[in-house]
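Undergrad: File follows, entry-v2.cif with mmCIF, C-alpha atoms and all ligand atoms:
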data_coords
#
loop_
_atom_site.group_PDB
_atom_site.id
_atom_site.type_symbol
_atom_site.label_atom_id
_atom_site.label_comp_id
_atom_site.auth_asym_id
_atom_site.auth_seq_id
_atom_site.Cartn_x
_atom_site.Cartn_y
_atom_site.Cartn_z
ATOM 1 C CA MET K 1 6.412 -14.241 -18.585
ATOM 2 C CA ASN K 2 4.859 -11.440 -20.617
ATOM 3 C CA TRP K 3 4.985 -8.690 -17.995
ATOM 4 C CA GLU K 4 4.037 -6.010 -20.524
ATOM 5 C CA HIS K 5 0.744 -7.762 -21.201
ATOM 6 C CA ILE K 6 0.062 -8.330 -17.491
ATOM 7 C CA ASP K 7 0.859 -4.664 -16.842
ATOM 8 C CA GLU K 8 -1.475 -3.493 -19.618
ATOM 9 C CA CYS K 9 -4.321 -5.563 -18.198
ATOM 10 C CA ALA K 10 -3.700 -4.444 -14.628
ATOM 11 C CA ARG K 11 -3.756 -0.773 -15.581
ATOM 12 C CA LYS K 12 -6.909 -1.161 -17.673
ATOM 13 C CA TRP K 13 -8.713 -2.971 -14.846
ATOM 14 C CA LEU K 14 -7.571 -0.382 -12.287
ATOM 15 C CA LYS K 15 -9.085 2.421 -14.354
ATOM 16 C CA GLU K 16 -12.321 0.458 -14.797
ATOM 17 C CA ALA K 17 -12.498 -0.316 -11.089
ATOM 18 C CA GLY K 18 -11.903 3.368 -10.376
ATOM 19 C CA VAL K 19 -14.882 4.373 -12.503
ATOM 20 C CA ARG K 20 -17.069 1.868 -10.649
ATOM 21 C CA ILE K 21 -15.882 3.099 -7.255
ATOM 22 C CA ARG K 22 -16.502 6.757 -8.144
ATOM 23 C CA GLU K 23 -20.035 5.838 -9.248
ATOM 24 C CA THR K 24 -20.755 4.424 -5.785
ATOM 25 C CA PHE K 25 -20.237 7.869 -4.207
ATOM 26 C CA GLU K 26 -23.877 8.602 -4.995
ATOM 27 C CA GLN K 27 -25.108 5.323 -3.525
ATOM 28 C CA GLN K 28 -25.823 4.053 -0.029
ATOM 29 C CA LEU K 29 -22.909 1.954 1.300
ATOM 30 C CA THR K 30 -23.295 -1.255 3.252
ATOM 31 C CA VAL K 31 -20.753 -1.019 6.063
ATOM 32 C CA GLN K 32 -19.804 -3.983 8.242
ATOM 33 C CA MET K 33 -17.381 -4.285 11.153
ATOM 34 C CA LYS K 34 -14.749 -7.004 10.895
ATOM 35 C CA SER K 35 -12.626 -7.630 14.031
ATOM 36 C CA ASN K 36 -13.651 -4.400 15.835
ATOM 37 C CA ARG K 37 -15.339 -1.005 15.351
ATOM 38 C CA LYS K 38 -12.213 0.393 13.680
ATOM 39 C CA ASP K 39 -11.884 -2.472 11.207
ATOM 40 C CA LEU K 40 -14.466 -1.871 8.494
ATOM 41 C CA VAL K 41 -15.483 -3.327 5.171
ATOM 42 C CA THR K 42 -18.091 -2.179 2.650
ATOM 43 C CA ASN K 43 -19.896 -3.743 -0.263
ATOM 44 C CA VAL K 44 -17.560 -1.711 -2.508
ATOM 45 C CA ASP K 45 -14.415 -3.311 -1.011
ATOM 46 C CA LYS K 46 -15.923 -6.735 -1.682
ATOM 47 C CA GLU K 47 -17.231 -5.936 -5.172
ATOM 48 C CA THR K 48 -13.906 -4.391 -6.197
ATOM 49 C CA GLU K 49 -11.945 -7.449 -5.076
ATOM 50 C CA GLN K 50 -14.360 -9.722 -6.950
ATOM 51 C CA PHE K 51 -14.057 -7.504 -10.044
ATOM 52 C CA PHE K 52 -10.280 -8.059 -10.174
ATOM 53 C CA ILE K 53 -10.445 -11.755 -9.371
ATOM 54 C CA GLU K 54 -12.969 -12.435 -12.156
ATOM 55 C CA ARG K 55 -10.772 -10.693 -14.725
ATOM 56 C CA ILE K 56 -7.491 -12.209 -13.522
ATOM 57 C CA LYS K 57 -8.914 -15.747 -13.501
ATOM 58 C CA GLU K 58 -10.457 -15.295 -16.942
ATOM 59 C CA THR K 59 -7.285 -13.864 -18.518
ATOM 60 C CA PHE K 60 -4.554 -15.644 -16.532
ATOM 61 C CA PRO K 61 -6.092 -18.868 -15.183
ATOM 62 C CA GLU K 62 -2.750 -20.054 -13.781
ATOM 63 C CA HIS K 63 -2.215 -16.921 -11.637
ATOM 64 C CA ARG K 64 -3.277 -16.965 -7.995
ATOM 65 C CA VAL K 65 -4.758 -14.100 -6.007
ATOM 66 C CA LEU K 66 -4.316 -13.150 -2.362
ATOM 67 C CA GLY K 67 -7.043 -10.625 -1.593
ATOM 68 C CA GLU K 68 -7.794 -8.918 1.699
ATOM 69 C CA GLU K 69 -11.489 -9.711 1.608
ATOM 70 C CA GLY K 70 -10.891 -13.431 1.080
ATOM 71 C CA PHE K 71 -12.406 -13.996 -2.385
ATOM 72 C CA GLY K 72 -9.093 -15.142 -3.819
ATOM 73 C CA ASP K 73 -7.027 -18.260 -3.263
ATOM 74 C CA ASP K 74 -5.731 -19.742 -0.088
ATOM 75 C CA VAL K 75 -2.144 -18.680 -0.701
ATOM 76 C CA GLY K 76 0.338 -20.475 1.563
ATOM 77 C CA ALA K 77 3.473 -19.875 -0.530
ATOM 78 C CA LEU K 78 4.486 -17.393 -3.217
ATOM 79 C CA ASP K 79 5.488 -19.785 -6.015
ATOM 80 C CA GLY K 80 4.303 -18.888 -9.506
ATOM 81 C CA VAL K 81 2.490 -15.616 -10.147
ATOM 82 C CA VAL K 82 0.516 -14.215 -7.222
ATOM 83 C CA TRP K 83 -1.502 -10.991 -7.286
ATOM 84 C CA ILE K 84 -1.730 -9.427 -3.815
ATOM 85 C CA ILE K 85 -4.730 -7.120 -3.751
ATOM 86 C CA ASP K 86 -6.162 -4.589 -1.364
ATOM 87 C CA PRO K 87 -9.338 -3.465 -3.149
ATOM 88 C CA ILE K 88 -9.652 -0.371 -0.965
ATOM 89 C CA ASP K 89 -6.786 0.618 1.278
ATOM 90 C CA GLY K 90 -8.089 3.267 3.646
ATOM 91 C CA THR K 91 -11.618 1.947 3.987
ATOM 92 C CA MET K 92 -12.303 4.185 6.978
ATOM 93 C CA ASN K 93 -11.407 7.204 4.848
ATOM 94 C CA PHE K 94 -13.499 5.863 1.973
ATOM 95 C CA ILE K 95 -16.534 5.671 4.269
ATOM 96 C CA HIS K 96 -16.020 8.902 6.221
ATOM 97 C CA GLN K 97 -14.299 11.130 3.670
ATOM 98 C CA GLN K 98 -14.735 9.700 0.176
ATOM 99 C CA ARG K 99 -11.027 10.423 -0.385
ATOM 100 C CA ASN K 100 -7.602 9.370 0.934
ATOM 101 C CA PHE K 101 -7.973 5.755 -0.156
ATOM 102 C CA ALA K 102 -6.454 3.702 -2.955
ATOM 103 C CA ILE K 103 -6.541 0.388 -4.735
ATOM 104 C CA SER K 104 -3.256 -1.405 -4.090
ATOM 105 C CA ILE K 105 -1.888 -4.323 -6.111
ATOM 106 C CA GLY K 106 1.465 -6.112 -6.127
ATOM 107 C CA VAL K 107 2.187 -8.869 -8.634
ATOM 108 C CA PHE K 108 4.840 -11.312 -7.446
ATOM 109 C CA HIS K 109 6.661 -14.094 -9.260
ATOM 110 C CA ASP K 110 8.249 -16.782 -7.091
ATOM 111 C CA GLY K 111 8.249 -14.303 -4.203
ATOM 112 C CA ILE K 112 9.825 -11.399 -6.115
ATOM 113 C CA GLY K 113 7.744 -8.252 -6.657
ATOM 114 C CA GLN K 114 7.498 -7.602 -10.405
ATOM 115 C CA LEU K 115 4.676 -5.079 -10.739
ATOM 116 C CA GLY K 116 3.272 -2.593 -8.245
ATOM 117 C CA TYR K 117 0.211 -0.324 -8.456
ATOM 118 C CA ILE K 118 -1.364 2.210 -6.145
ATOM 119 C CA TYR K 119 -4.363 3.937 -7.661
ATOM 120 C CA ASP K 120 -5.694 7.065 -5.960
ATOM 121 C CA VAL K 121 -9.167 6.782 -7.412
ATOM 122 C CA VAL K 122 -10.440 10.239 -6.433
ATOM 123 C CA HIS K 123 -7.486 12.109 -7.928
ATOM 124 C CA ASP K 124 -7.141 9.662 -10.852
ATOM 125 C CA GLU K 125 -3.469 9.266 -9.922
ATOM 126 C CA LEU K 126 -1.902 5.932 -10.797
ATOM 127 C CA TYR K 127 1.480 5.182 -9.235
ATOM 128 C CA TYR K 128 3.065 2.094 -10.745
ATOM 129 C CA ALA K 129 6.345 0.323 -11.276
ATOM 130 C CA GLN K 130 7.804 -2.647 -13.032
ATOM 131 C CA LYS K 131 10.881 -4.199 -11.453
ATOM 132 C CA GLY K 132 14.014 -2.821 -13.107
ATOM 133 C CA LYS K 133 12.085 -0.352 -15.276
ATOM 134 C CA GLY K 134 11.464 2.505 -12.846
ATOM 135 C CA ALA K 135 8.374 3.934 -11.208
ATOM 136 C CA PHE K 136 5.827 6.313 -12.688
ATOM 137 C CA LEU K 137 2.959 8.560 -11.721
ATOM 138 C CA ASN K 138 0.409 8.830 -14.536
ATOM 139 C CA GLY K 139 3.133 8.121 -17.098
ATOM 140 C CA ARG K 140 5.667 10.565 -15.624
ATOM 141 C CA PRO K 141 8.872 8.865 -14.357
ATOM 142 C CA LEU K 142 9.510 9.333 -10.647
ATOM 143 C CA PRO K 143 13.053 10.503 -9.875
ATOM 144 C CA ARG K 144 15.302 8.490 -7.554
ATOM 145 C CA LEU K 145 15.022 9.518 -3.928
ATOM 146 C CA GLN K 146 17.702 11.848 -2.579
ATOM 147 C CA PRO K 147 19.059 11.805 0.997
ATOM 148 C CA VAL K 148 17.515 14.149 3.563
ATOM 149 C CA GLU K 149 18.574 15.287 7.029
ATOM 150 C CA ILE K 150 16.375 13.946 9.794
ATOM 151 C CA SER K 151 15.822 17.530 11.008
ATOM 152 C CA GLU K 152 14.266 18.352 7.620
ATOM 153 C CA ALA K 153 12.272 15.141 7.213
ATOM 154 C CA ILE K 154 8.508 14.739 7.192
ATOM 155 C CA ILE K 155 7.517 11.298 8.391
ATOM 156 C CA SER K 156 4.163 9.673 8.445
ATOM 157 C CA LEU K 157 2.993 7.626 11.397
ATOM 158 C CA ASN K 158 -0.207 6.919 13.217
ATOM 159 C CA THR K 159 -0.551 8.437 16.702
ATOM 160 C CA THR K 160 -1.467 4.934 17.938
ATOM 161 C CA TRP K 161 2.263 4.180 18.097
ATOM 162 C CA VAL K 162 3.196 7.109 20.315
ATOM 163 C CA ILE K 163 0.605 6.316 22.986
ATOM 164 C CA GLU K 164 0.414 3.129 25.010
ATOM 165 C CA ASN K 165 -0.002 0.179 22.638
ATOM 166 C CA ALA K 166 0.697 -3.531 22.420
ATOM 167 C CA ARG K 167 3.494 -3.375 19.818
ATOM 168 C CA ILE K 168 6.096 -0.798 20.743
ATOM 169 C CA ASP K 169 7.103 1.183 23.803
ATOM 170 C CA PRO K 170 5.881 4.738 23.004
ATOM 171 C CA SER K 171 9.105 6.177 24.443
ATOM 172 C CA VAL K 172 10.933 4.643 21.456
ATOM 173 C CA LEU K 173 9.167 6.668 18.770
ATOM 174 C CA ALA K 174 8.634 9.890 20.750
ATOM 175 C CA PRO K 175 12.268 11.112 20.273
ATOM 176 C CA LEU K 176 11.938 10.492 16.524
ATOM 177 C CA VAL K 177 8.770 12.574 16.429
ATOM 178 C CA LYS K 178 10.712 15.357 18.163
ATOM 179 C CA ALA K 179 13.697 15.080 15.821
ATOM 180 C CA VAL K 180 11.867 15.368 12.502
ATOM 181 C CA ARG K 181 10.515 18.537 10.922
ATOM 182 C CA GLY K 182 6.947 17.272 10.849
ATOM 183 C CA THR K 183 4.643 14.276 11.103
ATOM 184 C CA ARG K 184 1.593 13.331 9.048
ATOM 185 C CA SER K 185 -0.990 10.562 9.122
ATOM 186 C CA TYR K 186 -3.136 9.795 6.086
ATOM 187 C CA GLY K 187 -4.827 6.531 7.077
ATOM 188 C CA SER K 188 -3.876 4.605 3.939
ATOM 189 C CA ALA K 189 -0.630 2.656 4.062
ATOM 190 C CA ALA K 190 -0.636 2.386 0.266
ATOM 191 C CA LEU K 191 -0.926 6.146 -0.260
ATOM 192 C CA GLU K 192 1.693 6.772 2.413
ATOM 193 C CA MET K 193 4.075 4.479 0.513
ATOM 194 C CA ALA K 194 3.221 6.265 -2.739
ATOM 195 C CA TYR K 195 3.982 9.576 -1.024
ATOM 196 C CA VAL K 196 7.399 8.299 0.063
ATOM 197 C CA ALA K 197 8.017 7.183 -3.524
ATOM 198 C CA THR K 198 7.235 10.698 -4.798
ATOM 199 C CA GLY K 199 9.191 12.464 -2.027
ATOM 200 C CA ARG K 200 6.111 14.093 -0.454
ATOM 201 C CA LEU K 201 7.026 12.124 2.654
ATOM 202 C CA ASP K 202 10.540 11.105 3.646
ATOM 203 C CA ALA K 203 9.505 8.041 5.663
ATOM 204 C CA TYR K 204 6.477 6.031 6.810
ATOM 205 C CA ILE K 205 6.462 3.932 9.970
ATOM 206 C CA THR K 206 3.828 1.572 11.236
ATOM 207 C CA MET K 207 3.779 -1.375 13.607
ATOM 208 C CA ARG K 208 1.385 -3.697 11.829
ATOM 209 C CA LEU K 209 0.533 -4.199 8.173
ATOM 210 C CA SER K 210 -0.732 -7.153 6.176
ATOM 211 C CA PRO K 211 0.733 -8.181 2.796
ATOM 212 C CA TRP K 212 -2.014 -6.439 0.782
ATOM 213 C CA ASP K 213 -1.270 -3.131 2.543
ATOM 214 C CA PHE K 214 2.354 -3.010 1.362
ATOM 215 C CA ALA K 215 2.656 -5.345 -1.683
ATOM 216 C CA GLY K 216 2.113 -2.682 -4.357
ATOM 217 C CA GLY K 217 4.053 -0.004 -2.492
ATOM 218 C CA LEU K 218 7.060 -2.265 -1.985
ATOM 219 C CA VAL K 219 7.668 -2.591 -5.727
ATOM 220 C CA ILE K 220 7.131 1.128 -6.365
ATOM 221 C CA VAL K 221 9.300 2.407 -3.501
ATOM 222 C CA GLU K 222 12.187 0.054 -4.276
ATOM 223 C CA GLU K 223 12.197 1.216 -7.906
ATOM 224 C CA VAL K 224 13.027 4.783 -6.794
ATOM 225 C CA GLY K 225 15.753 3.641 -4.393
ATOM 226 C CA GLY K 226 13.680 3.728 -1.197
ATOM 227 C CA ILE K 227 14.112 1.054 1.454
ATOM 228 C CA VAL K 228 11.283 -1.111 2.776
ATOM 229 C CA THR K 229 11.884 -3.335 5.818
ATOM 230 C CA ASN K 230 10.338 -3.939 9.197
ATOM 231 C CA VAL K 231 11.161 -1.293 11.806
ATOM 232 C CA TYR K 232 14.206 -3.289 12.913
ATOM 233 C CA GLY K 233 15.684 -3.150 9.413
ATOM 234 C CA GLU K 234 14.867 -6.781 8.617
ATOM 235 C CA PRO K 235 13.249 -8.013 5.368
ATOM 236 C CA LEU K 236 9.444 -8.173 5.339
ATOM 237 C CA GLN K 237 7.669 -11.511 5.569
ATOM 238 C CA LEU K 238 5.579 -11.287 2.418
ATOM 239 C CA LEU K 239 2.798 -13.550 3.649
ATOM 240 C CA GLY K 240 2.594 -12.381 7.247
ATOM 241 C CA GLN K 241 1.946 -9.302 9.317
ATOM 242 C CA ASN K 242 4.904 -6.983 9.791
ATOM 243 C CA SER K 243 5.930 -3.695 11.263
ATOM 244 C CA VAL K 244 6.983 -1.565 8.297
ATOM 245 C CA LEU K 245 9.538 1.197 7.835
ATOM 246 C CA VAL K 246 9.643 2.811 4.404
ATOM 247 C CA ALA K 247 12.230 5.537 3.939
ATOM 248 C CA LYS K 248 14.819 7.229 1.833
ATOM 249 C CA PRO K 249 18.242 5.570 2.034
ATOM 250 C CA GLY K 250 20.347 7.103 4.811
ATOM 251 C CA LEU K 251 17.263 8.242 6.675
ATOM 252 C CA HIS K 252 16.164 4.604 6.877
ATOM 253 C CA GLU K 253 19.478 3.603 8.449
ATOM 254 C CA GLN K 254 19.406 6.515 10.887
ATOM 255 C CA ILE K 255 15.893 5.685 12.062
ATOM 256 C CA VAL K 256 16.770 2.017 12.613
ATOM 257 C CA THR K 257 20.115 2.537 14.299
ATOM 258 C CA LYS K 258 19.511 5.727 16.294
ATOM 259 C CA TYR K 259 15.860 5.546 17.241
ATOM 260 C CA ILE K 260 14.406 2.052 17.148
ATOM 261 C CA ARG K 261 15.515 -0.564 19.629
ATOM 262 C CA LYS K 262 14.055 -3.984 20.091
HETATM 263 C C1 LIG T 301 -5.564 0.004 6.723
HETATM 264 C C2 LIG T 301 -4.881 1.269 6.282
HETATM 265 C C3 LIG T 301 -4.348 2.007 7.480
HETATM 266 C C4 LIG T 301 -3.396 1.157 8.296
HETATM 267 C C5 LIG T 301 -4.105 -0.121 8.713
HETATM 268 C C6 LIG T 301 -4.623 -0.866 7.488
HETATM 269 P P1 LIG T 301 -7.624 -0.969 5.225
HETATM 270 O O1 LIG T 301 -6.031 -0.735 5.589
HETATM 271 O O2 LIG T 301 -3.806 1.015 5.415
HETATM 272 O O3 LIG T 301 -3.635 3.153 7.097
HETATM 273 O O4 LIG T 301 -2.987 1.866 9.438
HETATM 274 O O5 LIG T 301 -3.188 -0.933 9.411
HETATM 275 O O6 LIG T 301 -5.289 -2.037 7.899
HETATM 276 O O7 LIG T 301 -8.191 -1.784 6.329
HETATM 277 O O8 LIG T 301 -8.231 0.365 5.119
HETATM 278 O O9 LIG T 301 -7.506 -1.698 3.950
HETATM 279 CA CA CA T 302 -5.249 -2.078 3.722
HETATM 280 CA CA CA T 303 -8.678 -2.839 2.478
#
So that I can check it, write out the structure of this file as C-alpha cells.
Ligand code: IPD
Ligand code: CA
Ligand code: CA
TA:
Amino acid sequence: MNWEHIDECARKWLKEAGVRIRETFEQQLTVQMKSNRKDLVTNVDKETEQFFIERIKETFPEHRVLGEEGFGDDVGALDGVVWIIDPIDGTMNFIHQQRNFAISIGVFHDGIGQLGYIYDVVHDELYYAQKGKGAFLNGRPLPRLQPVEISEAIISLNTTWVIENARIDPSVLAPLVKAVRGTRSYGSAALEMAYVATGRLDAYITMRLSPWDFAGGLVIVEEVGGIVTNVYGEPLQLLGQNSVLVAKPGLHEQIVTKYIRK
C-alpha cells in the first residue's frame, strides 16, 4: 500500500475542502435536524462528505468510505482500506459560532488505523499522523506526551455527563471533576482529541461517540503515546458507538481505576 500517496491526496483534499467551507461563511446555510433538536446537519456537512467521496472513489476505486452523513458505503467490516469521515465535527459550533469545528478522517487497513487527520478549518491547523511515523501539526512534529498529576490536569468533558443522564451515574464523574485542576468543553470530539495530542488538554471523556468522531483522533493520539479506550479501559469497537476516554498514560490508568466504576 502506498501510504505516502494516500497521505498526499488526503492532505490536498482537506485543504481544498477547507477553502470551500470557509467560502460558505458568507452564504445562507440550510440546517436540518436529524434525531432531535441538538443533532444538526447542514448542506455544508453533506457537500463536504460528497466532495471527499467523489475524490476517493475516482483515485482509489477499491477503497471504501464510512461517512457520517451516509453518502459512502455500507461498511459492515473493516477489511481492506476504509476511510472513516466526519465532514464537520462540531456542526452545532459551525452553525452557531463559525469556529470550533473540524474535518476528521481516519484511514484504516484491515481494522488498523494507518492515517489520521483533524483539520481545524478556521485556524488552518492540520493535525495528522501516520502509524509509526509520529504526529504533526502543520508540519511540526508533536512531542510524546509526558505524565501529569491529576491535581494539575485539565480534562475536557461535556456537562451532560455530570447531570442526570442515561449512560453514567453522575456521582461517578463528579469526584473526578473535583480532583482535576480544570475542566473544558469544546463541542468537537475531534478537536478535543487533537488538543490531548498537543498537550493543551490532559484527557477527554465522553459517554457516546460514533466511529467518525474518533477515527482520525485515535491514530493521532496513539502516535504521541496517548491512550484511547472506552471509559472502562477496554478497546474501542471501531464500527460501533462507544464511551471514550483519551488521556496521557498514567492519567488514563488513574481515571479508570480510581474514578470510573461500571
Ligand atoms: C458531535 C461532536 C460533539 C460530541 C457529539 C458528536 P457532530 O459531532 O463531536 O462534541 O459531543 O457526541 O456527535 O454531530 O458535530 O459531528
Ligand atoms: Ca462528529
Ligand atoms: Ca459531523
Undergrad: Which one of K:Pro211, K:Gly132, K:Pro61, K:Gly116 sits closest to ligand LIG 301 (chain T) if you count only C-alpha atoms and all ligand atoms?
TA: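 Ranking K:Pro211, K:Gly132, K:Pro61, K:Gly116 by distance to ligand LIG 301 (chain T), first place goes to K:Pro211.
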Undergrad: For K:Ala179, please output as a list of chain:residue names all residues within 9 Å (counting all atoms listed in the file; exclusion window: fewer than 3 positions along the same chain).
TA: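 So the residues in contact are K:Ile150, K:Ser151, K:Glu152, K:Ala153, K:Ala174, K:Pro175, K:Leu176, K:Gly182.
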Undergrad: Pull C-alpha atoms from the residues just selected and write them as a short mmCIF file (atom, residue, chain, number, x, y, z; two decimals), in the frame of the given file.
TA:
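Output file part36.cif is given in full below:
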data_model
loop_
_atom_site.label_atom_id
_atom_site.label_comp_id
_atom_site.auth_asym_id
_atom_site.auth_seq_id
_atom_site.Cartn_x
_atom_site.Cartn_y
_atom_site.Cartn_z
CA ILE K 150 16.38 13.95 9.79
CA SER K 151 15.82 17.53 11.01
CA GLU K 152 14.27 18.35 7.62
CA ALA K 153 12.27 15.14 7.21
CA ALA K 174 8.63 9.89 20.75
CA PRO K 175 12.27 11.11 20.27
CA LEU K 176 11.94 10.49 16.52
CA GLY K 182 6.95 17.27 10.85
#
Undergrad: Taking all atoms listed in the file into account, report as JSON, numbers by chain which residues have an atom no farther than 6 Å from an atom of ligand CA 302 (chain T).
TA: {"K": [86, 89, 213]}
Undergrad: Distance table requested - chain K against ligand LIG 301 (chain T), cut-off 7 Å, all atoms listed in the file: one row per qualifying residue with the closest atom pair and its distance in Å to one decimal, ordered by chain and rising residue number, as a tab-separated table.
TA:
residue	atom	partner	partner_atom	distance
K:Asp39	CA	T:LIG301	O7	6.2
K:Leu40	CA	T:LIG301	O7	6.6
K:Asp86	CA	T:LIG301	O9	6.2
K:Ile88	CA	T:LIG301	O9	5.5
K:Asp89	CA	T:LIG301	O9	3.6
K:Gly90	CA	T:LIG301	O8	3.3
K:Thr91	CA	T:LIG301	O8	3.9
K:Met92	CA	T:LIG301	O8	5.9
K:Asn158	CA	T:LIG301	O4	6.9
K:Tyr186	CA	T:LIG301	O3	6.7
K:Gly187	CA	T:LIG301	O3	3.6
K:Ser188	CA	T:LIG301	O3	3.5
K:Ala189	CA	T:LIG301	O2	3.8
K:Ala190	CA	T:LIG301	O2	6.2
K:Arg208	CA	T:LIG301	O5	5.9
K:Leu209	CA	T:LIG301	O5	5.1
K:Asp213	CA	T:LIG301	O2	5.6
Undergrad: Just checking: using all atoms listed in the file, which residue out of K:His123, K:Lys248, K:Arg184, K:Lys38 ends up closest to K:His96?
TA: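 Closest candidate: K:Lys38.
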Undergrad: Counting only C-alpha atoms, figure out which residue out of K:Asp169, K:Val82, K:Thr42, K:Gln130 gets nearest to K:His5.
TA: K:Gln130
Undergrad: Can you turn the PyMOL selection byres (((chain K and resi 255) around 12) and not hetatm) into a concrete residue list for this file, as a short mmCIF file (atom, residue, chain, number, x, y, z; two decimals) with C-alpha atoms, keeping the file's coordinate frame?
TA:
data_model
loop_
_atom_site.label_atom_id
_atom_site.label_comp_id
_atom_site.auth_asym_id
_atom_site.auth_seq_id
_atom_site.Cartn_x
_atom_site.Cartn_y
_atom_site.Cartn_z
CA GLU K 149 18.57 15.29 7.03
CA ILE K 150 16.38 13.95 9.79
CA SER K 151 15.82 17.53 11.01
CA ALA K 153 12.27 15.14 7.21
CA ILE K 155 7.52 11.30 8.39
CA VAL K 172 10.93 4.64 21.46
CA LEU K 173 9.17 6.67 18.77
CA PRO K 175 12.27 11.11 20.27
CA LEU K 176 11.94 10.49 16.52
CA VAL K 177 8.77 12.57 16.43
CA ALA K 179 13.70 15.08 15.82
CA VAL K 180 11.87 15.37 12.50
CA ASP K 202 10.54 11.10 3.65
CA ALA K 203 9.51 8.04 5.66
CA TYR K 204 6.48 6.03 6.81
CA ILE K 205 6.46 3.93 9.97
CA ILE K 227 14.11 1.05 1.45
CA THR K 229 11.88 -3.34 5.82
CA ASN K 230 10.34 -3.94 9.20
CA VAL K 231 11.16 -1.29 11.81
CA TYR K 232 14.21 -3.29 12.91
CA GLY K 233 15.68 -3.15 9.41
CA LEU K 245 9.54 1.20 7.84
CA VAL K 246 9.64 2.81 4.40
CA ALA K 247 12.23 5.54 3.94
CA LYS K 248 14.82 7.23 1.83
CA PRO K 249 18.24 5.57 2.03
CA GLY K 250 20.35 7.10 4.81
CA LEU K 251 17.26 8.24 6.68
CA HIS K 252 16.16 4.60 6.88
CA GLU K 253 19.48 3.60 8.45
CA GLN K 254 19.41 6.52 10.89
CA VAL K 256 16.77 2.02 12.61
CA THR K 257 20.11 2.54 14.30
CA LYS K 258 19.51 5.73 16.29
CA TYR K 259 15.86 5.55 17.24
CA ILE K 260 14.41 2.05 17.15
CA ARG K 261 15.52 -0.56 19.63
#
Undergrad: Need the shell around K:Ile103: protein/DNA/RNA residues with any atom at most 12 Å away, counting only C-alpha atoms. Skip same-chain ones fewer than 2 positions apart. Format as a tab-separated table (two decimals) with C-alpha atoms, in the coordinates of the input?
TA:
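New file selection01.tsv:
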chain	number	residue	atom	x	y	z
K	10	ALA	CA	-3.70	-4.44	-14.63
K	11	ARG	CA	-3.76	-0.77	-15.58
K	13	TRP	CA	-8.71	-2.97	-14.85
K	14	LEU	CA	-7.57	-0.38	-12.29
K	15	LYS	CA	-9.09	2.42	-14.35
K	16	GLU	CA	-12.32	0.46	-14.80
K	17	ALA	CA	-12.50	-0.32	-11.09
K	18	GLY	CA	-11.90	3.37	-10.38
K	21	ILE	CA	-15.88	3.10	-7.26
K	44	VAL	CA	-17.56	-1.71	-2.51
K	45	ASP	CA	-14.42	-3.31	-1.01
K	48	THR	CA	-13.91	-4.39	-6.20
K	49	GLU	CA	-11.94	-7.45	-5.08
K	52	PHE	CA	-10.28	-8.06	-10.17
K	67	GLY	CA	-7.04	-10.62	-1.59
K	68	GLU	CA	-7.79	-8.92	1.70
K	84	ILE	CA	-1.73	-9.43	-3.82
K	85	ILE	CA	-4.73	-7.12	-3.75
K	86	ASP	CA	-6.16	-4.59	-1.36
K	87	PRO	CA	-9.34	-3.46	-3.15
K	88	ILE	CA	-9.65	-0.37	-0.96
K	89	ASP	CA	-6.79	0.62	1.28
K	90	GLY	CA	-8.09	3.27	3.65
K	91	THR	CA	-11.62	1.95	3.99
K	94	PHE	CA	-13.50	5.86	1.97
K	99	ARG	CA	-11.03	10.42	-0.38
K	100	ASN	CA	-7.60	9.37	0.93
K	101	PHE	CA	-7.97	5.76	-0.16
K	105	ILE	CA	-1.89	-4.32	-6.11
K	106	GLY	CA	1.46	-6.11	-6.13
K	116	GLY	CA	3.27	-2.59	-8.24
K	117	TYR	CA	0.21	-0.32	-8.46
K	118	ILE	CA	-1.36	2.21	-6.14
K	119	TYR	CA	-4.36	3.94	-7.66
K	120	ASP	CA	-5.69	7.06	-5.96
K	121	VAL	CA	-9.17	6.78	-7.41
K	122	VAL	CA	-10.44	10.24	-6.43
K	124	ASP	CA	-7.14	9.66	-10.85
K	125	GLU	CA	-3.47	9.27	-9.92
K	126	LEU	CA	-1.90	5.93	-10.80
K	127	TYR	CA	1.48	5.18	-9.24
K	128	TYR	CA	3.06	2.09	-10.74
K	188	SER	CA	-3.88	4.61	3.94
K	189	ALA	CA	-0.63	2.66	4.06
K	190	ALA	CA	-0.64	2.39	0.27
K	191	LEU	CA	-0.93	6.15	-0.26
K	194	ALA	CA	3.22	6.26	-2.74
K	212	TRP	CA	-2.01	-6.44	0.78
K	213	ASP	CA	-1.27	-3.13	2.54
K	214	PHE	CA	2.35	-3.01	1.36
K	215	ALA	CA	2.66	-5.34	-1.68
K	216	GLY	CA	2.11	-2.68	-4.36
K	217	GLY	CA	4.05	0.00	-2.49
Undergrad: Which is closer to ligand CA 303 (chain T) than all the others in K:Ile6, K:Leu201, K:Met207, K:Ile95, using all atoms listed in the file?
TA: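 Counting all atoms listed in the file, the residue closest to ligand CA 303 (chain T) is K:Ile95.
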Undergrad: For this file, the PyMOL selection byres (((chain K and resi 71) around 10) and not hetatm) selects which residues, as a PDB file with C-alpha atoms, in the coordinates of the input?
TA:
ATOM      1  CA  LYS K  46     -15.923  -6.735  -1.682  1.00  0.00           C
ATOM      2  CA  GLU K  47     -17.231  -5.936  -5.172  1.00  0.00           C
ATOM      3  CA  GLU K  49     -11.945  -7.449  -5.076  1.00  0.00           C
ATOM      4  CA  GLN K  50     -14.360  -9.722  -6.950  1.00  0.00           C
ATOM      5  CA  ILE K  53     -10.445 -11.755  -9.371  1.00  0.00           C
ATOM      6  CA  GLU K  54     -12.969 -12.435 -12.156  1.00  0.00           C
ATOM      7  CA  VAL K  65      -4.758 -14.100  -6.007  1.00  0.00           C
ATOM      8  CA  LEU K  66      -4.316 -13.150  -2.362  1.00  0.00           C
ATOM      9  CA  GLY K  67      -7.043 -10.625  -1.593  1.00  0.00           C
ATOM     10  CA  GLU K  68      -7.794  -8.918   1.699  1.00  0.00           C
ATOM     11  CA  GLU K  69     -11.489  -9.711   1.608  1.00  0.00           C
ATOM     12  CA  GLY K  70     -10.891 -13.431   1.080  1.00  0.00           C
ATOM     13  CA  GLY K  72      -9.093 -15.142  -3.819  1.00  0.00           C
ATOM     14  CA  ASP K  73      -7.027 -18.260  -3.263  1.00  0.00           C
ATOM     15  CA  ASP K  74      -5.731 -19.742  -0.088  1.00  0.00           C
TER      16      ASP K  74
END
